[in-house]
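File shown: my_file36.txt. Contents: compact mmCIF, C-alpha atoms (C1' of nucleotides).
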# COMPACT_ATOMS: atom_id res chain seq x y z
CA MET A 123 101.08 145.81 88.65
CA ILE A 124 104.61 146.41 89.92
CA GLU A 125 106.19 143.47 91.69
CA HIS A 126 108.46 144.70 94.44
CA THR A 127 111.06 142.32 95.71
CA PRO A 128 109.33 141.06 98.82
CA SER A 129 110.76 142.08 102.15
CA ARG A 130 112.26 139.45 104.36
CA SER A 131 109.26 139.60 106.61
CA THR A 132 106.72 138.83 103.93
CA ARG A 133 109.02 136.23 102.39
CA VAL A 134 109.21 134.33 105.66
CA ARG A 135 105.52 134.78 106.23
CA GLN A 136 104.76 133.32 102.82
CA LEU A 137 107.09 130.41 103.40
CA VAL A 138 105.34 129.57 106.65
CA LEU A 139 101.91 129.76 105.06
CA ASP A 140 103.06 127.57 102.22
CA THR A 141 104.61 124.96 104.48
CA THR A 142 101.51 124.94 106.63
CA ALA A 143 99.28 124.33 103.63
CA GLN A 144 101.56 121.57 102.47
CA LEU A 145 101.47 119.91 105.86
CA VAL A 146 97.72 120.22 106.21
CA ALA A 147 97.37 118.59 102.82
CA GLU A 148 99.60 115.75 103.92
CA VAL A 149 98.55 114.91 107.45
CA GLY A 150 95.38 116.89 108.03
CA VAL A 151 94.54 119.83 110.23
CA GLU A 152 94.70 118.09 113.57
CA ARG A 153 98.04 116.40 113.07
CA THR A 154 99.70 119.53 111.77
CA SER A 155 101.97 120.93 114.46
CA ILE A 156 103.88 124.16 114.74
CA ASP A 157 107.06 122.30 115.52
CA GLU A 158 106.79 120.35 112.30
CA ILE A 159 106.04 123.50 110.33
CA SER A 160 109.11 125.05 111.91
CA SER A 161 111.51 122.22 111.19
CA ARG A 162 110.22 121.68 107.68
CA SER A 163 110.25 125.34 106.66
CA GLY A 164 113.42 126.22 108.49
CA VAL A 165 111.62 129.11 110.14
CA ALA A 166 112.07 129.20 113.89
CA LYS A 167 109.05 128.52 116.05
CA SER A 168 109.44 131.87 117.76
CA THR A 169 109.35 133.59 114.40
CA ILE A 170 106.18 131.76 113.44
CA TYR A 171 104.52 133.06 116.57
CA ARG A 172 105.69 136.58 115.72
CA HIS A 173 103.61 136.35 112.55
CA PHE A 174 100.61 134.37 113.72
CA PRO A 175 99.03 134.48 117.16
CA SER A 176 97.98 130.84 117.20
CA LYS A 177 97.94 127.64 115.23
CA GLN A 178 94.25 128.09 114.57
CA VAL A 179 94.76 131.45 112.89
CA LEU A 180 97.76 130.18 110.96
CA VAL A 181 95.85 127.24 109.53
CA VAL A 182 92.89 129.39 108.56
CA GLU A 183 95.13 131.88 106.78
CA ALA A 184 97.11 129.13 105.09
CA VAL A 185 93.96 127.54 103.76
CA HIS A 186 92.56 130.88 102.76
CA ALA A 187 95.75 131.62 100.86
CA CYS A 188 95.34 128.67 98.53
CA THR A 189 91.73 129.21 97.53
CA HIS A 190 91.17 130.67 94.08
CA ILE A 191 87.91 131.85 92.66
CA PRO A 192 87.07 130.23 89.35
CA VAL A 193 85.67 132.39 86.58
CA VAL A 194 82.20 132.08 85.12
CA THR A 195 81.98 132.13 81.36
CA ASP A 196 78.98 133.15 79.28
CA THR A 197 79.25 131.54 75.86
CA GLY A 198 75.52 131.33 75.25
CA SER A 199 75.66 127.54 75.27
CA LEU A 200 74.35 126.00 78.47
CA ARG A 201 76.40 122.86 78.00
CA ASP A 202 79.63 124.75 77.42
CA ASP A 203 79.00 127.12 80.29
CA LEU A 204 78.31 124.25 82.69
CA ILE A 205 81.35 122.30 81.61
CA SER A 206 83.49 125.41 81.91
CA CYS A 207 81.97 126.22 85.29
CA PHE A 208 82.47 122.79 86.81
CA SER A 209 85.87 122.28 85.24
CA GLY A 210 86.92 125.52 86.85
CA MET A 211 85.54 124.45 90.19
CA THR A 212 87.27 121.10 89.86
CA LYS A 213 90.61 122.77 89.26
CA ALA A 214 90.03 125.24 92.07
CA SER A 215 88.73 122.81 94.67
CA PHE A 216 89.77 119.27 93.85
CA GLU A 217 93.21 119.61 92.41
CA GLY A 218 96.44 120.70 93.99
CA ARG A 219 96.73 121.20 97.69
CA LEU A 220 93.17 122.24 98.34
CA GLY A 221 92.01 118.93 96.95
CA ASP A 222 94.20 117.04 99.38
CA MET A 223 92.97 119.19 102.25
CA MET A 224 89.26 118.92 101.51
CA LEU A 225 88.31 116.01 103.73
CA SER A 226 90.35 117.06 106.72
CA LEU A 227 89.16 120.61 106.23
CA MET A 228 85.51 119.68 106.11
CA ASP A 229 85.94 117.56 109.18
CA ALA A 230 87.77 120.25 111.11
CA ALA A 231 85.16 122.77 109.97
CA GLN A 232 82.62 120.89 112.02
CA ARG A 233 84.39 121.94 115.19
CA ASP A 234 86.31 125.11 114.32
CA PRO A 235 83.87 127.98 113.73
CA GLU A 236 86.38 130.00 111.70
CA LEU A 237 87.20 127.11 109.39
CA GLY A 238 83.49 126.40 109.29
CA ARG A 239 82.77 129.84 107.91
CA LEU A 240 85.54 129.49 105.35
CA VAL A 241 84.45 126.09 104.10
CA ARG A 242 80.75 126.93 104.08
CA GLY A 243 81.47 130.16 102.26
CA GLN A 244 83.41 128.33 99.57
CA ALA A 245 80.66 125.77 99.08
CA GLU A 246 77.99 128.44 98.82
CA GLN A 247 80.06 130.41 96.36
CA ARG A 248 80.43 127.32 94.19
CA ARG A 249 76.70 126.81 94.25
CA ARG A 250 76.01 130.42 93.37
CA PHE A 251 78.22 130.17 90.28
CA ALA A 252 76.36 127.14 89.00
CA THR A 253 73.04 128.72 89.91
CA THR A 254 73.91 131.80 87.87
CA VAL A 255 74.70 129.74 84.80
CA LEU A 256 71.44 127.82 85.12
CA GLU A 257 69.35 130.93 85.70
CA ARG A 258 70.73 132.48 82.56
CA ALA A 259 69.74 129.33 80.66
CA VAL A 260 66.20 129.61 81.97
CA GLU A 261 66.02 133.24 80.84
CA ARG A 262 67.25 132.23 77.39
CA GLY A 263 64.63 129.48 77.26
CA ASP A 264 67.22 126.69 77.18
CA LEU A 265 65.62 125.24 80.28
CA PRO A 266 61.92 125.13 81.23
CA ALA A 267 60.87 127.94 83.55
CA ASP A 268 59.65 125.59 86.25
CA VAL A 269 62.93 123.70 86.52
CA ASP A 270 64.26 123.04 90.03
CA ILE A 271 67.57 124.86 89.85
CA ASP A 272 68.58 123.88 93.35
CA LEU A 273 68.13 120.22 92.52
CA LEU A 274 70.01 120.64 89.27
CA VAL A 275 73.01 122.11 91.04
CA THR A 276 73.01 119.15 93.40
CA LEU A 277 72.71 116.70 90.52
CA LEU A 278 75.69 118.32 88.83
CA SER A 279 77.94 118.93 91.81
CA GLY A 280 77.20 115.69 93.64
CA PRO A 281 78.78 113.21 91.24
CA LEU A 282 81.97 115.26 91.06
CA VAL A 283 82.30 115.60 94.82
CA TYR A 284 81.49 111.92 95.19
CA THR A 285 84.14 110.94 92.67
CA LYS A 286 86.74 113.02 94.45
CA LEU A 287 85.97 112.35 98.10
CA VAL A 288 84.45 108.88 98.18
CA ARG A 289 85.99 107.14 95.19
CA ARG A 290 89.18 109.13 95.52
CA GLN A 291 89.58 109.35 91.78
CA ARG A 292 90.60 112.28 89.68
CA VAL A 293 87.73 114.38 88.35
CA THR A 294 88.54 114.42 84.65
CA GLU A 295 87.21 116.70 81.94
CA GLU A 296 85.50 113.65 80.48
CA LEU A 297 83.64 112.98 83.70
CA VAL A 298 82.50 116.59 83.95
CA ALA A 299 81.22 116.45 80.39
CA ALA A 300 79.52 113.10 80.96
CA VAL A 301 77.77 114.38 84.08
CA VAL A 302 76.64 117.59 82.41
CA ASP A 303 75.35 115.69 79.38
CA SER A 304 73.55 113.14 81.52
CA VAL A 305 71.81 115.78 83.57
CA LEU A 306 70.90 117.87 80.53
CA ALA A 307 69.72 114.90 78.48
CA ARG A 308 66.15 115.06 79.73
CA TYR A 309 65.84 118.70 78.73
CA ARG A 310 67.06 118.27 75.19
CA ALA A 311 64.51 118.08 72.39
CA PRO A 312 63.62 114.38 72.17
CA VAL A 313 65.91 112.83 69.61
CA GLN A 314 64.36 111.14 66.61
CA ARG A 315 64.99 107.42 66.73
CA MET B 20 67.87 82.65 118.39
CA ILE B 21 68.33 82.27 122.14
CA GLU B 22 69.42 85.42 123.90
CA HIS B 23 71.62 84.58 126.84
CA THR B 24 72.01 87.21 129.48
CA PRO B 25 75.33 88.70 128.50
CA SER B 26 78.24 88.02 130.77
CA ARG B 27 79.82 90.88 132.60
CA SER B 28 82.76 90.83 130.26
CA THR B 29 80.75 91.21 127.08
CA ARG B 30 78.49 93.79 128.74
CA VAL B 31 81.45 95.98 129.62
CA ARG B 32 82.96 95.42 126.21
CA GLN B 33 79.75 96.47 124.54
CA LEU B 34 79.48 99.55 126.72
CA VAL B 35 82.98 100.62 125.77
CA LEU B 36 82.32 100.10 122.07
CA ASP B 37 79.10 102.07 122.32
CA THR B 38 80.68 104.95 124.19
CA THR B 39 83.54 105.03 121.71
CA ALA B 40 81.17 105.21 118.77
CA GLN B 41 79.25 107.97 120.49
CA LEU B 42 82.41 109.95 121.12
CA VAL B 43 83.73 109.48 117.60
CA ALA B 44 80.42 110.76 116.28
CA GLU B 45 80.68 113.80 118.51
CA VAL B 46 84.28 114.91 118.30
CA GLY B 47 85.81 112.82 115.54
CA VAL B 48 88.41 110.10 115.55
CA GLU B 49 91.44 112.18 116.43
CA ARG B 50 89.93 113.99 119.38
CA THR B 51 88.51 110.83 120.88
CA SER B 52 90.64 109.82 123.84
CA ILE B 53 90.71 106.70 125.97
CA ASP B 54 90.50 108.81 129.11
CA GLU B 55 87.31 110.41 127.89
CA ILE B 56 85.83 107.03 126.92
CA SER B 57 86.72 105.82 130.38
CA SER B 58 85.19 108.68 132.31
CA ARG B 59 82.07 108.80 130.16
CA SER B 60 81.39 105.07 130.19
CA GLY B 61 82.41 104.52 133.80
CA VAL B 62 84.72 101.74 132.66
CA ALA B 63 88.23 102.04 134.02
CA LYS B 64 91.02 102.77 131.60
CA SER B 65 92.83 99.61 132.63
CA THR B 66 89.75 97.56 131.84
CA ILE B 67 89.48 99.14 128.42
CA TYR B 68 93.04 98.06 127.67
CA ARG B 69 92.19 94.54 128.81
CA HIS B 70 89.63 94.36 126.03
CA PHE B 71 91.38 96.30 123.28
CA PRO B 72 95.11 96.45 122.63
CA SER B 73 95.12 100.01 121.35
CA LYS B 74 92.95 102.98 120.60
CA GLN B 75 93.30 102.28 116.91
CA VAL B 76 91.81 98.80 117.23
CA LEU B 77 89.08 100.04 119.56
CA VAL B 78 87.97 102.72 117.14
CA VAL B 79 87.96 100.33 114.20
CA GLU B 80 85.86 97.80 116.12
CA ALA B 81 83.52 100.49 117.40
CA VAL B 82 82.92 101.77 113.91
CA HIS B 83 82.56 98.27 112.57
CA ALA B 84 79.97 97.52 115.23
CA CYS B 85 77.61 100.23 114.01
CA THR B 86 77.60 99.41 110.32
CA HIS B 87 74.53 97.64 109.02
CA ILE B 88 74.08 96.11 105.60
CA PRO B 89 71.00 97.42 103.83
CA VAL B 90 68.83 94.93 101.95
CA VAL B 91 68.35 94.90 98.20
CA THR B 92 64.78 94.51 97.02
CA ASP B 93 63.65 93.11 93.68
CA THR B 94 60.21 94.42 92.91
CA GLY B 95 60.62 94.34 89.15
CA SER B 96 60.34 98.13 88.99
CA LEU B 97 63.66 99.84 88.42
CA ARG B 98 62.45 103.05 89.97
CA ASP B 99 61.16 101.34 93.10
CA ASP B 100 64.26 99.20 93.45
CA LEU B 101 66.54 102.20 93.16
CA ILE B 102 64.56 104.24 95.64
CA SER B 103 64.49 101.33 98.05
CA CYS B 104 68.19 100.72 97.53
CA PHE B 105 69.29 104.29 98.12
CA SER B 106 66.84 104.88 100.94
CA GLY B 107 68.34 101.86 102.64
CA MET B 108 71.83 103.14 102.09
CA THR B 109 70.84 106.55 103.39
CA LYS B 110 69.49 105.05 106.58
CA ALA B 111 72.51 102.80 106.96
CA SER B 112 75.20 105.36 106.19
CA PHE B 113 73.89 108.87 106.68
CA GLU B 114 71.61 108.62 109.65
CA GLY B 115 72.36 107.84 113.24
CA ARG B 116 75.88 107.65 114.54
CA LEU B 117 77.53 106.51 111.36
CA GLY B 118 76.25 109.61 109.64
CA ASP B 119 77.86 111.83 112.24
CA MET B 120 81.11 109.90 111.93
CA MET B 121 81.35 109.89 108.15
CA LEU B 122 83.53 112.93 107.57
CA SER B 123 85.96 112.28 110.39
CA LEU B 124 86.04 108.63 109.39
CA MET B 125 86.81 109.32 105.77
CA ASP B 126 89.51 111.74 106.82
CA ALA B 127 91.09 109.31 109.27
CA ALA B 128 90.83 106.57 106.67
CA GLN B 129 93.33 108.49 104.58
CA ARG B 130 96.02 107.81 107.16
CA ASP B 131 94.91 104.69 109.04
CA PRO B 132 95.16 101.65 106.74
CA GLU B 133 92.73 99.59 108.82
CA LEU B 134 90.09 102.31 108.81
CA GLY B 135 90.87 102.79 105.15
CA ARG B 136 89.99 99.20 104.36
CA LEU B 137 86.79 99.48 106.38
CA VAL B 138 85.61 102.68 104.74
CA ARG B 139 86.61 101.63 101.24
CA GLY B 140 84.91 98.28 101.75
CA GLN B 141 81.69 99.97 102.78
CA ALA B 142 81.75 102.30 99.81
CA GLU B 143 82.39 99.46 97.38
CA GLN B 144 79.62 97.40 98.90
CA ARG B 145 77.23 100.28 98.45
CA ARG B 146 78.23 100.55 94.84
CA ARG B 147 77.80 96.84 94.24
CA PHE B 148 74.24 96.97 95.54
CA ALA B 149 73.30 99.75 93.17
CA THR B 150 75.16 98.05 90.35
CA THR B 151 73.17 94.86 90.92
CA VAL B 152 69.89 96.71 90.70
CA LEU B 153 70.94 98.42 87.48
CA GLU B 154 72.27 95.24 85.89
CA ARG B 155 68.96 93.52 86.53
CA ALA B 156 67.22 96.41 84.82
CA VAL B 157 69.46 96.02 81.78
CA GLU B 158 68.64 92.31 81.62
CA ARG B 159 64.93 93.10 81.81
CA GLY B 160 65.34 95.63 79.05
CA ASP B 161 64.38 98.57 81.26
CA LEU B 162 67.70 100.17 80.41
CA PRO B 163 69.58 100.10 77.10
CA ALA B 164 72.29 97.46 76.93
CA ASP B 165 75.06 99.97 76.29
CA VAL B 166 74.29 102.09 79.32
CA ASP B 167 77.28 103.13 81.47
CA ILE B 168 76.34 101.54 84.77
CA ASP B 169 79.37 102.88 86.57
CA LEU B 170 78.46 106.42 85.60
CA LEU B 171 74.85 105.85 86.59
CA VAL B 172 75.84 104.72 90.07
CA THR B 173 77.91 107.87 90.42
CA LEU B 174 75.07 110.03 89.16
CA LEU B 175 72.74 108.47 91.73
CA SER B 176 75.06 108.28 94.74
CA GLY B 177 76.79 111.59 94.25
CA PRO B 178 73.93 113.97 94.91
CA LEU B 179 73.03 112.11 98.11
CA VAL B 180 76.58 112.13 99.43
CA TYR B 181 76.90 115.78 98.44
CA THR B 182 73.71 116.71 100.25
CA LYS B 183 74.86 114.95 103.39
CA LEU B 184 78.54 115.88 103.52
CA VAL B 185 78.79 119.25 101.81
CA ARG B 186 75.40 120.83 102.36
CA ARG B 187 74.99 119.07 105.67
CA GLN B 188 71.30 118.57 105.10
CA ARG B 189 69.20 115.51 105.79
CA VAL B 190 68.81 113.15 102.86
CA THR B 191 65.05 112.83 102.67
CA GLU B 192 62.94 110.24 100.87
CA GLU B 193 61.81 113.04 98.60
CA LEU B 194 65.35 113.86 97.58
CA VAL B 195 66.13 110.21 96.86
CA ALA B 196 63.04 109.96 94.69
CA ALA B 197 63.84 113.23 92.92
CA VAL B 198 67.39 112.12 92.15
CA VAL B 199 66.28 108.71 90.91
CA ASP B 200 63.58 110.24 88.72
CA SER B 201 65.96 112.84 87.32
CA VAL B 202 68.56 110.28 86.39
CA LEU B 203 66.03 107.87 84.91
CA ALA B 204 64.20 110.57 82.97
CA ARG B 205 66.41 110.28 79.91
CA TYR B 206 65.78 106.54 79.64
CA ARG B 207 62.02 106.72 79.78
CA ALA B 208 60.13 106.35 76.53
CA PRO B 209 60.27 109.82 74.97
CA VAL B 210 57.11 111.60 75.99
CA GLN B 211 54.85 112.84 73.24
CA ARG B 212 54.61 116.60 73.22
C1' DG C 87 128.31 151.32 108.23
C1' DC C 88 125.02 151.69 111.77
C1' DA C 89 120.88 151.43 114.43
C1' DG C 90 116.75 148.84 114.74
C1' DA C 91 114.01 145.40 113.29
C1' DA C 92 113.50 140.64 112.22
C1' DC C 93 115.15 136.17 112.86
C1' DG C 94 117.33 131.61 114.91
C1' DC C 95 118.23 128.94 118.82
C1' DT C 96 117.46 126.91 123.10
C1' DA C 97 115.14 126.19 126.95
C1' DC C 98 111.19 126.46 129.32
C1' DG C 99 106.19 125.46 131.62
C1' DG C 100 101.96 123.40 130.99
C1' DT C 101 98.70 120.24 129.21
C1' DA C 102 96.89 116.18 127.04
C1' DG C 103 96.97 111.78 125.73
C1' DA C 104 98.75 106.69 125.00
C1' DG C 105 99.81 102.81 127.23
C1' DT C 106 101.62 100.16 131.64
C1' DA C 107 101.67 98.55 136.44
C1' DT C 108 99.90 97.54 140.92
C1' DC C 109 96.58 96.34 144.14
C1' DG C 110 92.35 96.00 146.34
C1' DA C 111 87.41 95.25 145.44
C1' DT C 112 83.79 92.87 143.13
C1' DC C 113 81.45 89.67 140.48
C1' DC C 114 80.11 84.98 138.83
C1' DG C 115 80.27 80.06 137.96
C1' DC C 116 80.24 76.04 140.41
C1' DG D 136 80.36 80.51 149.82
C1' DC D 137 84.77 79.98 147.59
C1' DG D 138 88.18 80.79 144.19
C1' DG D 139 89.43 82.47 139.90
C1' DA D 140 88.42 85.87 136.74
C1' DT D 141 87.23 90.48 135.99
C1' DC D 142 87.02 95.17 137.17
C1' DG D 143 88.06 99.96 139.41
C1' DA D 144 91.23 103.24 141.09
C1' DT D 145 95.44 105.34 141.11
C1' DA D 146 99.75 106.39 139.89
C1' DC D 147 103.21 106.42 136.69
C1' DT D 148 106.28 106.95 132.26
C1' DC D 149 106.69 108.87 127.65
C1' DT D 150 105.79 111.46 124.13
C1' DA D 151 103.87 115.27 121.58
C1' DC D 152 102.40 119.63 121.36
C1' DC D 153 101.14 124.68 122.40
C1' DG D 154 102.76 128.85 123.53
C1' DT D 155 106.42 131.92 125.99
C1' DA D 156 110.92 133.89 127.14
C1' DG D 157 115.66 135.39 126.62
C1' DC D 158 119.54 136.27 124.00
C1' DG D 159 122.73 136.32 120.44
C1' DT D 160 122.84 136.84 115.32
C1' DT D 161 121.64 138.50 110.88
C1' DC D 162 119.54 141.29 107.78
C1' DT D 163 117.78 145.86 105.91
C1' DG D 164 116.67 150.57 105.32
C1' DC D 165 118.88 154.78 105.48
Structure rendered as structure tokens:
Amino acid sequence: MIEHTPSRSTRVRQLVLDTTAQLVAEVGVERTSIDEISSRSGVAKSTIYRHFPSKQVLVVEAVHACTHIPVVTDTGSLRDDLISCFSGMTKASFEGRLGDMMLSLMDAAQRDPELGRLVRGQAEQRRRFATTVLERAVERGDLPADVDIDLLVTLLSGPLVYTKLVRRQRVTEELVAAVVDSVLARYRAPVQR
Amino acid sequence: MIEHTPSRSTRVRQLVLDTTAQLVAEVGVERTSIDEISSRSGVAKSTIYRHFPSKQVLVVEAVHACTHIPVVTDTGSLRDDLISCFSGMTKASFEGRLGDMMLSLMDAAQRDPELGRLVRGQAEQRRRFATTVLERAVERGDLPADVDIDLLVTLLSGPLVYTKLVRRQRVTEELVAAVVDSVLARYRAPVQR
DNA sequence: GCAGAACGCTACGGTAGAGTATCGATCCGC
DNA sequence: GCGGATCGATACTCTACCGTAGCGTTCTGC
């Protein structure tokens, strides 16, 4: 992939998007103003409006710009796949700017249909990834065929979301592993004691 | 307890608090305005400011007014106690107005120190209740002594919070029971197979 | 180096909301 | 039913913000 030196236009555009994301992460969607974006980025207000028709669109694009899609591994080990899956989601959703935006974003998504689609889409995508990993495990026989995959995804995702949003603590690799192990414990062959 | 007929002052005050809570539940903390509270409640703006020094204080009091403390049962059965505990919390936190406020509240709590204290306090109280139930179970020998209670509380609370906030689905009695049973499964006497 | 595009600056108009002030009307205890 | 307390209505100041407009300046492709 050849990296052209970006034109002035796209450079400015990127700067505005970046500043917007930064501001949303700091003060939330509602308190983010164009004037503040302008003064903080050094890009004139008029220029911002030459790139984006409205604040609503700008915010949506800025948020969209900092969402990555985590990769799904297939190591053959359910435990490893789950840990990899949820570690990836943690990095993609809870860390960096997106992590700081989450609450404000979810709140704003209740009222803004466009943000609503974006946030809901992300959440569903996250669920689908985990669902895929679990379905593969069922096919391999690592999980009983009658297992409630939907419930399992909730049992796995919930504690991580809770730790991030309610407890406001970092979701560590150790926590992910502990959650995965706890949830899987009942499906392991009963240990001799 | 003798119920006096409330004076005009407290009646108006209550009406304002109620309308505020209703509005916060509908449009969130930031979009709730004194003018709207005034026009919707029929109470004049000037009167509102005679009762509350600022919007910030009003919102905090309004939120505070609709928080109940769930009761903790002690039936001797860990499963029943947990289900009772988390059903109570669900009713107290996820249903009714408080449930509709949650997201906006948690978001606003990031910036408003007073709301922050309130929300954090609630969350900690919830955790203490669950912790109490689990500690009793350890004392009774229903759970191993080296169990990680903190992790257990997260495993139990997380899926419910996730269902409410992220999936935006009702937290049913069935879900509470399913989560409790899933988490407890690994601590049950290993089933013969 | 020279158009033309992109940008910065400043100044608007318009709206919404917080909080204050005044005054007349209304309620409520005594 | 009288007087003090409370309330309603209105108008006002301030501030913040969205979005627009005009114009001079700077950059960029050719």
Using all atoms of region 137-147 of chain D listed in the file and a margin of 4 Å per side, can you give the axis-aligned box centre and edge lengths in Å to one decimal, as lines of an AutoDock Vina configuration file?
center_x = 94.0
center_y = 93.2
center_z = 141.8
size_x = 26.4
size_y = 34.4
size_z = 19.6
Can you tell me which residues surround region 307-309 of chain A at a distance of at most 6 Å, considering all atoms listed in the file, apart from same-chain residues fewer than 2 positions away, and format the answer as number ranges by chain? A: 303-305; B: 204-205
Counting all atoms listed in the file, collect the residues of chain B whose closest atom lies at most 10 Å from chain A, and write them out as a PyMOL selection string. chain B and resi 45-47+49-50+120-127+129-130+138-139+142-143+170-182+184-187+194+197-198+201-212
Keeping C-alpha atoms for every residue in the selection just given, could you write it to a file as a short mmCIF file (atom, residue, chain, number, x, y, z; two decimals), keeping the file's coordinate frame?
data_model
loop_
_atom_site.label_atom_id
_atom_site.label_comp_id
_atom_site.auth_asym_id
_atom_site.auth_seq_id
_atom_site.Cartn_x
_atom_site.Cartn_y
_atom_site.Cartn_z
CA GLU B 45 80.68 113.80 118.51
CA VAL B 46 84.28 114.91 118.30
CA GLY B 47 85.81 112.82 115.54
CA GLU B 49 91.44 112.18 116.43
CA ARG B 50 89.93 113.99 119.38
CA MET B 120 81.11 109.90 111.93
CA MET B 121 81.35 109.89 108.15
CA LEU B 122 83.53 112.93 107.57
CA SER B 123 85.96 112.28 110.39
CA LEU B 124 86.04 108.63 109.39
CA MET B 125 86.81 109.32 105.77
CA ASP B 126 89.51 111.74 106.82
CA ALA B 127 91.09 109.31 109.27
CA GLN B 129 93.33 108.49 104.58
CA ARG B 130 96.02 107.81 107.16
CA VAL B 138 85.61 102.68 104.74
CA ARG B 139 86.61 101.63 101.24
CA ALA B 142 81.75 102.30 99.81
CA GLU B 143 82.39 99.46 97.38
CA LEU B 170 78.46 106.42 85.60
CA LEU B 171 74.85 105.85 86.59
CA VAL B 172 75.84 104.72 90.07
CA THR B 173 77.91 107.87 90.42
CA LEU B 174 75.07 110.03 89.16
CA LEU B 175 72.74 108.47 91.73
CA SER B 176 75.06 108.28 94.74
CA GLY B 177 76.79 111.59 94.25
CA PRO B 178 73.93 113.97 94.91
CA LEU B 179 73.03 112.11 98.11
CA VAL B 180 76.58 112.13 99.43
CA TYR B 181 76.90 115.78 98.44
CA THR B 182 73.71 116.71 100.25
CA LEU B 184 78.54 115.88 103.52
CA VAL B 185 78.79 119.25 101.81
CA ARG B 186 75.40 120.83 102.36
CA ARG B 187 74.99 119.07 105.67
CA LEU B 194 65.35 113.86 97.58
CA ALA B 197 63.84 113.23 92.92
CA VAL B 198 67.39 112.12 92.15
CA SER B 201 65.96 112.84 87.32
CA VAL B 202 68.56 110.28 86.39
CA LEU B 203 66.03 107.87 84.91
CA ALA B 204 64.20 110.57 82.97
CA ARG B 205 66.41 110.28 79.91
CA TYR B 206 65.78 106.54 79.64
CA ARG B 207 62.02 106.72 79.78
CA ALA B 208 60.13 106.35 76.53
CA PRO B 209 60.27 109.82 74.97
CA VAL B 210 57.11 111.60 75.99
CA GLN B 211 54.85 112.84 73.24
CA ARG B 212 54.61 116.60 73.22
#
Compile the residues of chain D that lie within 12 Å of chain A, evaluated using all atoms listed in the file, and express the compilation as a ChimeraX atom specification. /D:151-157,161-164
Set the cut-off to 8 Å and count all atoms listed in the file: what are the residues of chain C that reach chain A? Output as an mmCIF file with C-alpha atoms (C1' of nucleotides), keeping the file's coordinate frame.
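Full text of selection25.cif as output:
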data_model
loop_
_atom_site.group_PDB
_atom_site.id
_atom_site.type_symbol
_atom_site.label_atom_id
_atom_site.label_comp_id
_atom_site.auth_asym_id
_atom_site.auth_seq_id
_atom_site.Cartn_x
_atom_site.Cartn_y
_atom_site.Cartn_z
ATOM 1 C "C1'" DA C 92 113.500 140.640 112.220
ATOM 2 C "C1'" DC C 93 115.150 136.170 112.860
ATOM 3 C "C1'" DG C 94 117.330 131.610 114.910
ATOM 4 C "C1'" DC C 95 118.230 128.940 118.820
#
Emit a file covering region 178-199 of chain B of the preceding structure with C-alpha atoms, as a short mmCIF file (atom, residue, chain, number, x, y, z; two decimals), in the first residue's frame.
data_model
loop_
_atom_site.label_atom_id
_atom_site.label_comp_id
_atom_site.auth_asym_id
_atom_site.auth_seq_id
_atom_site.Cartn_x
_atom_site.Cartn_y
_atom_site.Cartn_z
CA PRO B 178 -24.41 -9.87 33.12
CA LEU B 179 -27.40 -8.03 34.59
CA VAL B 180 -25.89 -4.60 34.05
CA TYR B 181 -24.83 -5.65 30.56
CA THR B 182 -28.31 -6.85 29.70
CA LYS B 183 -29.83 -3.60 30.88
CA LEU B 184 -27.35 -1.03 29.59
CA VAL B 185 -25.83 -2.58 26.49
CA ARG B 186 -28.52 -4.90 25.19
CA ARG B 187 -31.25 -2.64 26.49
CA GLN B 188 -33.41 -5.59 27.42
CA ARG B 189 -35.46 -6.11 30.54
CA VAL B 190 -33.70 -7.99 33.32
CA THR B 191 -36.18 -10.75 34.02
CA GLU B 192 -36.44 -13.05 37.03
CA GLU B 193 -35.49 -15.86 34.69
CA LEU B 194 -32.27 -14.17 33.69
CA VAL B 195 -31.34 -13.49 37.31
CA ALA B 196 -31.93 -17.14 38.15
CA ALA B 197 -29.99 -18.31 35.10
CA VAL B 198 -27.01 -16.11 35.96
CA VAL B 199 -27.01 -17.18 39.60
#
